[in-house]
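Engineer: If it helps, the file is called final-v2.cif and holds mmCIF, C-alpha atoms and all ligand atoms:
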```
data_target
#
loop_
_atom_site.label_atom_id
_atom_site.label_comp_id
_atom_site.auth_asym_id
_atom_site.auth_seq_id
_atom_site.Cartn_x
_atom_site.Cartn_y
_atom_site.Cartn_z
CA MET A 15 77.88 49.08 130.30
CA VAL A 16 75.19 51.60 129.35
CA LYS A 17 76.17 55.06 128.22
CA THR A 18 73.74 57.80 129.16
CA ARG A 19 73.27 61.56 129.27
CA LYS A 20 71.59 63.82 131.81
CA TYR A 21 71.01 67.53 132.38
CA ILE A 22 72.69 69.04 135.40
CA VAL A 23 71.69 72.47 136.71
CA LYS A 24 75.03 74.12 137.25
CA ARG A 25 73.80 77.66 138.00
CA TYR A 26 70.55 78.92 139.58
CA PHE A 27 68.17 80.53 137.10
CA GLU A 28 67.94 84.31 137.15
CA GLY A 29 64.93 85.58 135.22
CA ILE A 30 64.20 83.42 132.21
CA PRO A 31 66.19 80.14 132.37
CA LYS A 32 69.16 80.00 130.00
CA ARG A 33 70.61 77.07 128.15
CA ASP A 34 73.99 77.52 129.82
CA ASP A 35 72.41 77.28 133.28
CA PHE A 36 72.53 73.59 132.38
CA GLU A 37 75.29 71.21 131.42
CA ILE A 38 74.65 67.96 129.60
CA VAL A 39 76.95 65.26 130.92
CA GLU A 40 77.61 61.90 129.38
CA TYR A 41 78.70 59.01 131.55
CA GLU A 42 78.60 55.23 131.95
CA LEU A 43 76.16 53.66 134.35
CA PRO A 44 77.56 50.99 136.68
CA SER A 45 76.40 47.38 136.40
CA LEU A 46 73.24 46.48 138.32
CA GLN A 47 73.35 45.39 141.96
CA ASP A 48 70.75 43.32 143.80
CA GLY A 49 67.40 45.21 143.82
CA ASP A 50 68.43 47.55 140.99
CA ILE A 51 66.46 48.20 137.83
CA LEU A 52 67.72 49.91 134.68
CA LEU A 53 65.21 52.40 133.31
CA LYS A 54 65.12 53.67 129.75
CA THR A 55 63.35 57.03 129.65
CA GLU A 56 60.56 57.35 127.09
CA TRP A 57 58.67 60.52 128.01
CA ILE A 58 59.84 63.54 129.95
CA SER A 59 57.50 66.11 131.42
CA VAL A 60 58.50 69.77 131.42
CA ASP A 61 56.62 71.73 134.10
CA PRO A 62 56.41 75.32 135.30
CA TYR A 63 57.30 74.35 138.87
CA LEU A 64 60.78 73.26 137.76
CA ARG A 65 61.44 76.97 137.32
CA LEU A 66 59.93 77.94 140.67
CA PHE A 67 61.65 75.29 142.77
CA ASN A 68 65.00 75.65 141.03
CA LYS A 69 66.68 76.89 144.23
CA MET A 70 65.49 73.98 146.35
CA HIS A 71 68.73 72.02 145.93
CA PRO A 72 72.38 73.04 146.18
CA VAL A 73 73.97 73.37 142.72
CA PRO A 74 75.02 71.36 140.84
CA PHE A 75 72.03 69.01 140.85
CA ASP A 76 70.37 66.64 138.37
CA GLN A 77 67.30 68.30 136.83
CA PHE A 78 64.34 66.56 138.40
CA SER A 79 60.92 66.26 136.71
CA PRO A 80 58.28 63.61 136.17
CA GLN A 81 59.22 61.08 133.51
CA ILE A 82 58.04 57.72 132.23
CA ALA A 83 60.51 54.93 131.68
CA THR A 84 60.51 51.23 130.88
CA VAL A 85 62.52 48.68 132.82
CA GLU A 86 65.17 47.44 130.41
CA GLU A 87 67.13 45.23 132.82
CA SER A 88 66.06 44.07 136.26
CA LYS A 89 67.53 42.64 139.43
CA HIS A 90 64.25 42.99 141.31
CA PRO A 91 61.56 40.29 140.99
CA LYS A 92 58.65 42.74 141.33
CA TYR A 93 59.84 44.97 138.49
CA PRO A 94 60.45 42.70 135.49
CA VAL A 95 61.70 43.91 132.12
CA GLY A 96 58.95 45.88 130.37
CA THR A 97 57.44 47.41 133.54
CA LYS A 98 56.59 51.09 133.01
CA LEU A 99 57.23 53.50 135.86
CA LEU A 100 56.51 57.14 136.59
CA SER A 101 59.25 58.74 138.65
CA ASN A 102 60.89 62.05 139.33
CA LYS A 103 64.21 60.99 137.77
CA GLY A 104 64.03 63.93 135.41
CA TRP A 105 65.97 64.85 132.32
CA CYS A 106 68.06 61.76 131.62
CA GLU A 107 68.19 59.01 129.00
CA TYR A 108 68.75 56.07 131.34
CA SER A 109 68.81 55.73 135.10
CA ILE A 110 69.24 53.07 137.77
CA LEU A 111 66.88 52.80 140.72
CA ASN A 112 67.29 50.50 143.67
CA MET A 113 63.79 49.30 144.42
CA ASN A 114 64.76 47.94 147.86
CA ILE A 115 65.42 51.50 149.00
CA ARG A 116 62.29 53.64 149.13
CA ASP A 117 63.54 57.12 148.26
CA GLN A 118 60.31 59.13 148.65
CA SER A 119 61.75 62.13 146.79
CA LEU A 120 61.87 60.04 143.62
CA GLY A 121 58.10 59.49 143.72
CA VAL A 122 58.25 56.12 141.95
CA HIS A 123 54.86 54.73 140.88
CA ARG A 124 53.64 52.14 138.43
CA LEU A 125 51.61 53.73 135.66
CA PRO A 126 47.86 53.52 136.23
CA ASP A 127 45.98 51.17 133.93
CA MET A 128 46.14 53.04 130.63
CA ASN A 129 43.89 50.59 128.75
CA GLY A 130 45.26 51.37 125.33
CA LEU A 131 45.98 55.07 125.88
CA SER A 132 49.50 56.35 125.23
CA SER A 133 51.85 55.95 128.18
CA SER A 134 52.83 59.61 127.68
CA LEU A 135 49.53 60.52 129.34
CA GLY A 136 51.06 59.19 132.56
CA VAL A 137 52.80 62.56 133.03
CA GLY A 138 49.67 64.42 131.90
CA VAL A 139 45.98 63.74 132.24
CA MET A 140 46.56 60.24 133.72
CA GLY A 141 49.26 61.67 136.00
CA PRO A 142 50.09 64.91 137.83
CA SER A 143 48.18 67.33 135.53
CA GLY A 144 45.04 65.20 135.67
CA VAL A 145 44.90 64.79 139.44
CA THR A 146 45.72 68.48 139.92
CA ALA A 147 42.78 69.51 137.73
CA TYR A 148 40.42 66.85 139.10
CA PHE A 149 40.91 67.33 142.84
CA GLY A 150 41.81 71.03 142.69
CA LEU A 151 38.51 71.77 140.97
CA LEU A 152 36.15 69.19 142.47
CA GLU A 153 37.40 69.21 146.06
CA ILE A 154 38.11 72.91 146.47
CA CYS A 155 35.69 74.70 144.11
CA LYS A 156 32.98 72.03 144.43
CA PRO A 157 31.23 73.31 141.27
CA VAL A 158 27.48 72.79 140.98
CA ALA A 159 25.58 72.48 137.68
CA GLY A 160 24.47 75.89 136.45
CA GLU A 161 27.32 77.73 138.19
CA THR A 162 29.98 79.74 136.36
CA VAL A 163 33.62 78.62 136.50
CA VAL A 164 36.56 80.75 135.33
CA VAL A 165 39.99 79.24 134.66
CA THR A 166 43.29 80.93 133.77
CA VAL A 167 46.09 79.34 131.70
CA ALA A 168 43.06 77.63 130.23
CA ALA A 169 44.77 75.97 127.26
CA GLY A 170 47.56 74.49 129.36
CA ALA A 171 48.00 70.99 130.76
CA VAL A 172 45.95 71.58 133.90
CA GLY A 173 43.62 74.37 132.72
CA SER A 174 42.35 72.53 129.65
CA ILE A 175 41.28 69.61 131.87
CA VAL A 176 39.75 71.87 134.53
CA GLY A 177 37.54 73.61 131.98
CA GLN A 178 36.34 70.33 130.48
CA ILE A 179 35.58 68.78 133.87
CA ALA A 180 33.56 71.89 134.75
CA LYS A 181 31.60 71.46 131.48
CA ILE A 182 31.02 67.77 132.30
CA LYS A 183 29.60 68.92 135.65
CA GLY A 184 27.14 71.22 133.85
CA CYS A 185 28.80 74.57 134.50
CA ARG A 186 29.26 77.64 132.32
CA VAL A 187 33.00 77.87 131.63
CA VAL A 188 35.08 80.91 130.76
CA GLY A 189 38.81 80.62 130.07
CA PHE A 190 41.70 83.03 129.69
CA THR A 191 44.64 82.14 127.49
CA GLY A 192 47.46 83.79 125.55
CA SER A 193 46.67 83.48 121.83
CA ASP A 194 43.75 83.58 119.39
CA GLU A 195 44.61 80.06 118.21
CA LYS A 196 44.23 78.81 121.79
CA VAL A 197 40.96 80.75 122.19
CA ASN A 198 39.67 79.01 119.09
CA TRP A 199 40.68 75.57 120.37
CA LEU A 200 38.99 76.13 123.73
CA GLU A 201 35.72 77.35 122.21
CA LYS A 202 35.49 75.18 119.10
CA GLU A 203 37.08 71.91 120.25
CA LEU A 204 36.79 71.77 124.02
CA GLY A 205 33.36 73.37 124.37
CA PHE A 206 34.27 76.31 126.60
CA ASP A 207 31.35 78.77 126.59
CA LYS A 208 33.74 81.67 126.15
CA ALA A 209 37.50 82.14 125.98
CA PHE A 210 39.58 85.31 125.83
CA ASN A 211 43.08 86.21 124.78
CA TYR A 212 44.22 88.02 127.92
CA LYS A 213 46.94 89.78 125.91
CA THR A 214 44.49 91.66 123.69
CA VAL A 215 41.17 92.14 125.54
CA ASP A 216 39.97 94.43 128.29
CA ILE A 217 39.85 91.72 130.96
CA GLU A 218 37.42 93.42 133.34
CA LYS A 219 34.92 94.29 130.62
CA SER A 220 35.15 90.96 128.76
CA LEU A 221 34.72 89.02 131.96
CA LYS A 222 31.61 91.00 132.96
CA GLU A 223 30.04 90.37 129.56
CA ALA A 224 30.88 86.65 129.58
CA THR A 225 29.58 86.01 133.10
CA PRO A 226 26.10 87.57 133.27
CA LYS A 227 25.32 85.57 136.43
CA GLY A 228 28.68 86.39 138.05
CA ILE A 229 31.46 83.94 138.92
CA ASP A 230 31.03 81.12 141.42
CA CYS A 231 34.34 79.29 141.03
CA TYR A 232 37.79 80.45 139.99
CA PHE A 233 40.65 78.01 139.26
CA ASP A 234 43.77 80.15 139.48
CA ASN A 235 46.84 79.00 137.55
CA VAL A 236 48.38 82.39 136.94
CA GLY A 237 48.25 84.80 139.91
CA GLY A 238 48.86 88.53 139.47
CA GLN A 239 46.49 91.29 138.42
CA ILE A 240 44.20 89.13 136.25
CA SER A 241 43.44 87.01 139.32
CA SER A 242 42.67 90.11 141.40
CA ILE A 243 40.22 91.23 138.69
CA ILE A 244 38.51 87.83 138.56
CA ILE A 245 38.29 87.51 142.36
CA SER A 246 36.80 91.01 142.56
CA GLN A 247 33.94 89.94 140.28
CA MET A 248 32.93 86.83 142.20
CA ASN A 249 29.51 86.03 143.61
CA ASP A 250 28.72 85.69 147.31
CA PHE A 251 30.18 82.48 148.73
CA GLY A 252 32.37 81.95 145.65
CA ARG A 253 35.23 79.45 145.83
CA VAL A 254 38.79 80.01 144.59
CA SER A 255 41.24 77.17 144.06
CA ILE A 256 44.80 78.49 143.98
CA CYS A 257 46.82 76.04 141.90
CA GLY A 258 49.82 78.17 140.92
CA CYS A 259 51.01 81.56 139.74
CA ILE A 260 53.05 81.06 136.58
CA SER A 261 53.04 84.79 135.79
CA ALA A 262 55.53 85.24 138.65
CA TYR A 263 57.86 82.26 138.23
CA ASN A 264 60.50 84.11 136.19
CA GLU A 265 60.24 87.26 138.28
CA ASP A 266 62.21 88.49 141.24
CA PHE A 267 59.61 88.05 144.00
CA ALA A 268 60.99 91.09 145.83
CA LYS A 269 60.24 93.32 142.85
CA LEU A 270 56.78 92.18 141.80
CA PRO A 271 54.22 94.92 141.14
CA LYS A 272 51.78 95.56 143.98
CA ALA A 273 48.51 93.70 143.41
CA THR A 274 45.04 95.18 143.69
CA ILE A 275 43.54 94.54 147.13
CA VAL A 276 41.20 91.53 146.94
CA GLN A 277 40.34 91.53 150.63
CA VAL A 278 37.31 93.77 150.17
CA ALA A 279 35.73 91.28 147.76
CA VAL A 280 36.86 88.28 149.83
CA VAL A 281 35.29 89.63 153.02
CA THR A 282 32.14 91.25 151.68
CA LYS A 283 31.32 88.33 149.39
CA GLN A 284 32.45 85.79 151.97
CA LEU A 285 34.69 83.97 149.50
CA LYS A 286 36.62 80.83 150.26
CA ILE A 287 40.20 80.78 148.92
CA GLU A 288 42.36 77.69 149.25
CA GLY A 289 45.75 76.70 147.89
CA PHE A 290 46.73 73.09 147.36
CA LEU A 291 49.40 70.66 146.22
CA CYS A 292 48.00 67.72 144.30
CA HIS A 293 49.80 65.22 146.58
CA ARG A 294 47.15 65.95 149.21
CA TRP A 295 44.90 63.41 147.50
CA GLU A 296 47.61 60.83 146.75
CA ASN A 297 45.60 58.00 148.34
CA ARG A 298 42.68 58.85 146.00
CA PHE A 299 44.60 59.21 142.70
CA SER A 300 43.19 55.90 141.38
CA GLU A 301 39.67 57.30 141.77
CA ALA A 302 40.59 60.24 139.54
CA TYR A 303 42.37 58.08 136.94
CA LYS A 304 39.34 55.80 136.64
CA GLU A 305 36.96 58.66 135.96
CA LEU A 306 39.37 60.62 133.74
CA HIS A 307 39.97 57.48 131.68
CA GLN A 308 36.21 56.92 131.25
CA TRP A 309 35.73 60.52 130.15
CA ILE A 310 38.57 60.21 127.61
CA VAL A 311 37.32 57.00 126.01
CA SER A 312 33.73 58.24 125.93
CA GLY A 313 34.89 61.40 124.13
CA LYS A 314 33.79 63.75 126.93
CA LEU A 315 37.36 64.77 127.72
CA LYS A 316 39.70 65.73 124.88
CA VAL A 317 43.40 65.47 125.44
CA ARG A 318 46.08 67.34 123.58
CA GLU A 319 49.82 66.96 123.96
CA HIS A 320 52.50 69.31 122.72
CA VAL A 321 55.25 66.86 121.80
CA THR A 322 58.91 67.87 121.38
CA GLU A 323 61.24 65.18 120.08
CA GLY A 324 64.71 64.43 121.34
CA PHE A 325 66.89 64.68 124.41
CA ASP A 326 68.77 67.70 123.03
CA ASN A 327 65.52 69.69 122.83
CA ILE A 328 64.33 69.31 126.43
CA PHE A 329 65.54 72.77 127.39
CA ASP A 330 63.64 74.36 124.47
CA ALA A 331 60.47 72.51 125.46
CA PHE A 332 60.87 73.81 129.02
CA LEU A 333 61.47 77.38 127.88
CA GLY A 334 58.42 77.17 125.59
CA LEU A 335 56.20 76.97 128.68
CA PHE A 336 57.05 80.57 129.50
CA SER A 337 56.39 81.96 126.04
CA GLY A 338 53.10 80.10 125.62
CA GLU A 339 54.33 77.66 122.94
CA ASN A 340 52.46 74.67 124.29
CA VAL A 341 48.81 73.86 123.74
CA GLY A 342 47.86 71.15 126.24
CA LYS A 343 50.49 69.13 128.07
CA ALA A 344 54.12 69.71 127.05
CA VAL A 345 56.08 66.46 126.86
CA VAL A 346 59.37 65.38 125.35
CA LYS A 347 59.67 62.07 123.54
CA LEU A 348 63.07 60.42 123.78
N1 LIG B 401 49.24 72.91 142.92
C1 LIG B 401 49.68 71.85 142.28
O1 LIG B 401 49.79 70.73 142.81
C2 LIG B 401 50.09 72.01 140.86
C3 LIG B 401 50.13 73.25 140.32
N2 LIG B 401 50.46 73.44 139.01
C4 LIG B 401 50.40 74.81 138.52
O2 LIG B 401 49.41 74.88 137.52
C5 LIG B 401 49.71 75.93 136.61
C6 LIG B 401 49.63 75.41 135.18
O3 LIG B 401 50.59 74.41 135.02
P1 LIG B 401 50.59 73.46 133.74
O4 LIG B 401 49.19 73.31 133.29
O5 LIG B 401 51.38 72.26 134.04
O6 LIG B 401 51.45 74.30 132.68
P2 LIG B 401 50.99 74.80 131.24
O7 LIG B 401 50.87 73.66 130.34
O8 LIG B 401 49.80 75.61 131.43
O9 LIG B 401 52.16 75.69 130.61
C7 LIG B 401 52.44 76.94 130.69
C8 LIG B 401 51.46 77.96 130.07
O10 LIG B 401 51.37 79.04 130.98
C9 LIG B 401 51.11 80.24 130.29
N3 LIG B 401 52.05 81.27 130.76
C10 LIG B 401 53.40 81.23 130.72
N4 LIG B 401 53.92 82.36 131.23
C11 LIG B 401 52.88 83.15 131.57
C12 LIG B 401 52.77 84.46 132.12
N5 LIG B 401 53.83 85.18 132.45
N6 LIG B 401 51.53 84.95 132.33
C13 LIG B 401 50.43 84.22 132.01
N7 LIG B 401 50.47 82.99 131.48
C14 LIG B 401 51.67 82.47 131.26
C15 LIG B 401 51.29 79.97 128.81
O11 LIG B 401 50.00 79.89 128.24
P3 LIG B 401 49.28 81.17 127.58
O12 LIG B 401 49.53 81.10 126.13
O13 LIG B 401 47.85 80.97 127.96
O14 LIG B 401 49.88 82.41 128.20
C16 LIG B 401 51.94 78.60 128.78
O15 LIG B 401 51.60 77.89 127.62
C17 LIG B 401 51.08 76.45 137.00
O16 LIG B 401 50.92 77.60 137.79
C18 LIG B 401 51.65 75.31 137.83
O17 LIG B 401 52.63 75.74 138.72
C19 LIG B 401 50.76 72.40 138.19
C20 LIG B 401 50.76 71.12 138.67
C21 LIG B 401 50.47 70.83 140.06
C1 LIG B 402 53.16 79.05 144.31
C2 LIG B 402 53.66 77.67 144.04
C3 LIG B 402 52.86 76.94 143.08
C4 LIG B 402 53.53 75.70 142.58
C5 LIG B 402 52.52 74.76 142.22
C6 LIG B 402 53.06 73.63 141.44
O1 LIG B 402 53.32 73.78 140.26
C7 LIG B 402 53.19 72.37 142.12
C8 LIG B 402 53.64 71.32 141.47
C9 LIG B 402 53.83 70.01 142.13
C10 LIG B 402 53.78 68.89 141.11
O2 LIG B 402 52.58 68.40 140.82
C11 LIG B 402 54.57 67.79 141.71
C12 LIG B 402 55.46 68.42 142.66
O3 LIG B 402 56.32 67.84 143.27
C13 LIG B 402 55.19 69.87 142.73
C14 LIG B 402 55.24 70.40 144.13
C15 LIG B 402 56.59 70.55 144.69
C16 LIG B 402 56.44 71.07 146.09
C17 LIG B 402 57.71 71.53 146.65
C18 LIG B 402 57.46 72.14 148.01
C19 LIG B 402 58.63 72.91 148.42
C20 LIG B 402 58.54 73.38 149.82
O4 LIG B 402 58.01 72.66 150.67
O5 LIG B 402 59.03 74.46 150.05
#
```
Render the structure in this file as structure tokens.
Structural biologist:
Amino acid sequence: MVKTRKYIVKRYFEGIPKRDDFEIVEYELPSLQDGDILLKTEWISVDPYLRLFNKMHPVPFDQFSPQIATVEESKHPKYPVGTKLLSNKGWCEYSILNMNIRDQSLGVHRLPDMNGLSSSLGVGVMGPSGVTAYFGLLEICKPVAGETVVVTVAAGAVGSIVGQIAKIKGCRVVGFTGSDEKVNWLEKELGFDKAFNYKTVDIEKSLKEATPKGIDCYFDNVGGQISSIIISQMNDFGRVSICGCISAYNEDFAKLPKATIVQVAVVTKQLKIEGFLCHRWENRFSEAYKELHQWIVSGKLKVREHVTEGFDNIFDAFLGLFSGENVGKAVVKL
């Protein structure tokens, strides 16, 4: 018998998530049946959307999230001991999956070929964050060399990859982030042409100065007023990729401040604005992983992880997303 622990959401989040919205339960897993595999979790991803989609399930529910686990015991010939899987099994130490039953909601995938890279990247650049940045930028913004690309939440898991891909494509890149340390990292390490701390600068003025040829592409991770300002400064036929709006995830949507009208800029400059979920390109993920991997090993794409250790600290790692603690992809090592 294997003893395990998992996080259960026992109460819907109101405002900033609280530790006692969760309960950690300890229990014994049953013995394996035909087709079952026993997974030992190694890496857990904490993501902003866990906050947003908190009310999707009736409480209590097991906290879902991407995680990477290794098969420790197997009763399925195609998943021998040692196989590494990405799934949505979430915040647990061990789990059992029946591989004869295809539960789509669990999103079970073998890890792409990591060729010596850490398997933790399977929840980051070689996983959901990577394909989000890759397809969200290249398929929606379609940046062309010489154009100017702006990205918000620029030092985060997705934003830091978006900015670097735009540089690889020959664009001028401007990023907004929440601390001077992050600004420094973006400019000095990742090669952004300019980065700003949105908490301390005059956004409108800084943006104008940093984008003398205007803005052609905007990758929006944050929503809210900063996005209205950026969209209002775009060039004719600019393209906006709406990836998310983390500035609103802890807010009561009914009480959000009114945003500046962007329609005047959208119409007069004939902008194209498109939202997306990364799953749209699921049948092309391998294409992205191949190119992202090449960029990493050739040194063109730098990857940073913000690693928290230990099952008991998963909640803190999650909360840290909303106070800007992470630089790069936030992961928890079990
Ligand atoms: N469409 C899709 O398929 C997907 C969309 N996403 C979206 O991409 C965005 C980025 O996600 P991801 O890269 O994983 O997460 P991040 O690693 O960027 O983590 C969160 C970061 O967001 C910033 N942040 C937190 N609260 C606020 C706030 N109130 N206002 C402004 N910035 C804030 C902080 O950075 P800072 O210090 O800069 O403030 C923080 O470090 C999110 O909106 C997410 O929902 C993610 C995956 C898939
Ligand atoms: C304004 C919402 C932005 C949320 C964007 C986001 O963070 C998406 C994350 C996806 C992640 O890569 C893997 C997922 O499963 C997330 C999407 C979940 C979609 C749930 C859709 C719910 C619904 O249909 O209402």
Engineer: Just want the 8 Å neighbourhood of Gly289 of chain A, counted on only C-alpha atoms, with same-chain residues fewer than 6 positions away dropped. Output as number ranges by chain.
Structural biologist: A: 255-257
Engineer: Could you pull out the residues sitting within 8 Å of ligand LIG 402 (chain B), using all atoms listed in the file, and write them as a compact mmCIF listing (two decimals) with C-alpha atoms, in the coordinates of the input?
Structural biologist:
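Ended up saving to part_16.txt:
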```
# COMPACT_ATOMS: atom_id res chain seq x y z
CA ASP A 61 56.62 71.73 134.10
CA PRO A 62 56.41 75.32 135.30
CA TYR A 63 57.30 74.35 138.87
CA LEU A 64 60.78 73.26 137.76
CA LEU A 66 59.93 77.94 140.67
CA PHE A 67 61.65 75.29 142.77
CA MET A 70 65.49 73.98 146.35
CA PRO A 80 58.28 63.61 136.17
CA PRO A 142 50.09 64.91 137.83
CA SER A 143 48.18 67.33 135.53
CA THR A 146 45.72 68.48 139.92
CA CYS A 257 46.82 76.04 141.90
CA GLY A 258 49.82 78.17 140.92
CA CYS A 259 51.01 81.56 139.74
CA ILE A 260 53.05 81.06 136.58
CA PHE A 290 46.73 73.09 147.36
CA LEU A 291 49.40 70.66 146.22
CA CYS A 292 48.00 67.72 144.30
CA HIS A 293 49.80 65.22 146.58
```
Engineer: State, in Å with one decimal place, the distance from atom O2 of ligand LIG 401 (chain B) to atom CA of Ala147 of chain A.
Structural biologist: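 Those two atoms sit 8.5 Å apart.
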Engineer: Quick check, in Å to one decimal: how far apart do atom CA of Ser88 of chain A and atom CA of Tyr303 of chain A lie?
Structural biologist: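 Atom-to-atom, atom CA of Ser88 of chain A and atom CA of Tyr303 of chain A are spaced 27.5 Å apart.
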Engineer: In Å, how far is it from atom CA of Thr97 of chain A to atom CA of Ala83 of chain A?
Structural biologist: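 Interatomic distance here is 8.3 Å.
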Engineer: Tell me which of A:Asp76, A:Glu42, A:Glu195, A:Glu86 sits closest to Thr18 of chain A, counting only C-alpha atoms.
Structural biologist: A:Glu42
Engineer: Would you mind telling me which residue in A:Val172, A:Leu120, A:Leu131, A:Ile58 lies nearest to ligand LIG 401 (chain B) when using only C-alpha atoms and all ligand atoms?
Structural biologist: A:Val172
Engineer: Taking all atoms of segment 40-59 of chain A that appear in the file, build a box with edges along x, y and z, extend it by 4 Å on every side, and state its centre and edge lengths in Å to one decimal, as AutoDock Vina command-line options.
Structural biologist:
```
--center_x 68.1 --center_y 54.7 --center_z 135.5 --size_x 29.2 --size_y 30.8 --size_z 24.7
```
Engineer: For Asn112 of chain A, which residue out of A:Asp50, A:Glu56, A:Asp216, A:Glu161 is the nearest one, using all atoms listed in the file?
Structural biologist: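 For Asn112 of chain A, the nearest of the given residues is A:Asp50.
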Engineer: Contacts of Asp207 of chain A at 8 Å or less, counting all atoms listed in the file, minus same-chain residues fewer than 3 places along, as a PyMOL selection string?
Structural biologist: chain A and resi 186-188+201
Engineer: How would you write as an NGL selection string the residues that get within 7 Å of (41.8, 81.1, 122.9) in the file's frame, counting all atoms listed in the file?
Structural biologist: :A and (191-200 or 209-211)
Engineer: Between A:Gly150, A:Gly177, A:Pro44, A:Gly205, which one has atoms that come closest to ligand LIG 401 (chain B), using all atoms listed in the file?
Structural biologist: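 With all atoms listed in the file as the atom set, the closest residue is A:Gly150.
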Engineer: Using only C-alpha atoms and all ligand atoms, find the one residue out of A:Leu52, A:Leu333, A:Val280, A:Ile38 that sits nearest to ligand LIG 401 (chain B).
Structural biologist: A:Leu333
Engineer: Could you check which of A:Ile179, A:Val60, A:Leu43, A:Leu151 is closest to Leu335 of chain A, using all atoms listed in the file?
Structural biologist: A:Val60
Engineer: What's around Gly96 of chain A at 9 Å? Count only C-alpha atoms, leave out sequence neighbours fewer than 5 positions away in its own chain, and write the answer as a list in words.
Structural biologist: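 Here the answer would be Thr84, Val85, Glu86 and Glu87 of chain A.
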Engineer: Using only C-alpha atoms, can you list as a PyMOL selection string the residues within 6 Å of (68.4, 77.3, 139.1)?
Structural biologist: chain A and resi 25-27+68-69
Engineer: For the residues in the current selection, export C-alpha atoms as a CSV table (one decimal), keeping the file's coordinate frame.
Structural biologist:
```csv
chain,number,residue,atom,x,y,z
A,25,ARG,CA,73.8,77.7,138.0
A,26,TYR,CA,70.6,78.9,139.6
A,27,PHE,CA,68.2,80.5,137.1
A,68,ASN,CA,65.0,75.6,141.0
A,69,LYS,CA,66.7,76.9,144.2
```
Engineer: If we count only C-alpha atoms and set the cut-off at 12 Å, which residues sit around Leu152 of chain A, ignoring sequence neighbours fewer than 4 positions away in its own chain? Please answer as number ranges by chain.
Structural biologist: A: 144-148, 156-158, 163, 175-177, 179-180, 182-183, 231-233, 253-255, 295, 302
Engineer: Rebuild segment 221-234 of chain A to N, CA and C atoms - output it as a PDB file, keeping the file's coordinate frame, please.
Structural biologist:
```pdb
ATOM      1  N   LEU A 221      35.162  89.958 130.929  1.00  0.00           N
ATOM      2  CA  LEU A 221      34.720  89.020 131.960  1.00  0.00           C
ATOM      3  C   LEU A 221      33.278  89.330 132.379  1.00  0.00           C
ATOM      4  N   LYS A 222      32.985  90.605 132.559  1.00  0.00           N
ATOM      5  CA  LYS A 222      31.610  91.000 132.960  1.00  0.00           C
ATOM      6  C   LYS A 222      30.610  90.530 131.914  1.00  0.00           C
ATOM      7  N   GLU A 223      30.956  90.746 130.638  1.00  0.00           N
ATOM      8  CA  GLU A 223      30.040  90.370 129.560  1.00  0.00           C
ATOM      9  C   GLU A 223      29.850  88.856 129.479  1.00  0.00           C
ATOM     10  N   ALA A 224      30.934  88.125 129.751  1.00  0.00           N
ATOM     11  CA  ALA A 224      30.880  86.650 129.580  1.00  0.00           C
ATOM     12  C   ALA A 224      30.268  85.946 130.786  1.00  0.00           C
ATOM     13  N   THR A 225      30.105  86.661 131.887  1.00  0.00           N
ATOM     14  CA  THR A 225      29.580  86.010 133.100  1.00  0.00           C
ATOM     15  C   THR A 225      28.375  86.795 133.633  1.00  0.00           C
ATOM     16  N   PRO A 226      27.266  86.769 132.879  1.00  0.00           N
ATOM     17  CA  PRO A 226      26.100  87.570 133.270  1.00  0.00           C
ATOM     18  C   PRO A 226      25.558  87.209 134.651  1.00  0.00           C
ATOM     19  N   LYS A 227      25.795  85.959 135.090  1.00  0.00           N
ATOM     20  CA  LYS A 227      25.320  85.570 136.430  1.00  0.00           C
ATOM     21  C   LYS A 227      26.447  85.624 137.459  1.00  0.00           C
ATOM     22  N   GLY A 228      27.549  86.316 137.128  1.00  0.00           N
ATOM     23  CA  GLY A 228      28.680  86.390 138.050  1.00  0.00           C
ATOM     24  C   GLY A 228      29.526  85.120 138.016  1.00  0.00           C
ATOM     25  N   ILE A 229      30.511  85.075 138.909  1.00  0.00           N
ATOM     26  CA  ILE A 229      31.460  83.940 138.920  1.00  0.00           C
ATOM     27  C   ILE A 229      31.334  83.218 140.255  1.00  0.00           C
ATOM     28  N   ASP A 230      31.158  81.909 140.188  1.00  0.00           N
ATOM     29  CA  ASP A 230      31.030  81.120 141.420  1.00  0.00           C
ATOM     30  C   ASP A 230      32.344  80.440 141.799  1.00  0.00           C
ATOM     31  N   CYS A 231      33.098  80.022 140.772  1.00  0.00           N
ATOM     32  CA  CYS A 231      34.340  79.290 141.030  1.00  0.00           C
ATOM     33  C   CYS A 231      35.455  79.865 140.164  1.00  0.00           C
ATOM     34  N   TYR A 232      36.630  80.006 140.766  1.00  0.00           N
ATOM     35  CA  TYR A 232      37.790  80.450 139.990  1.00  0.00           C
ATOM     36  C   TYR A 232      38.941  79.485 140.251  1.00  0.00           C
ATOM     37  N   PHE A 233      39.481  78.897 139.167  1.00  0.00           N
ATOM     38  CA  PHE A 233      40.650  78.010 139.260  1.00  0.00           C
ATOM     39  C   PHE A 233      41.849  78.827 138.778  1.00  0.00           C
ATOM     40  N   ASP A 234      42.699  79.179 139.737  1.00  0.00           N
ATOM     41  CA  ASP A 234      43.770  80.150 139.480  1.00  0.00           C
ATOM     42  C   ASP A 234      45.108  79.463 139.196  1.00  0.00           C
TER      43      ASP A 234
END
```
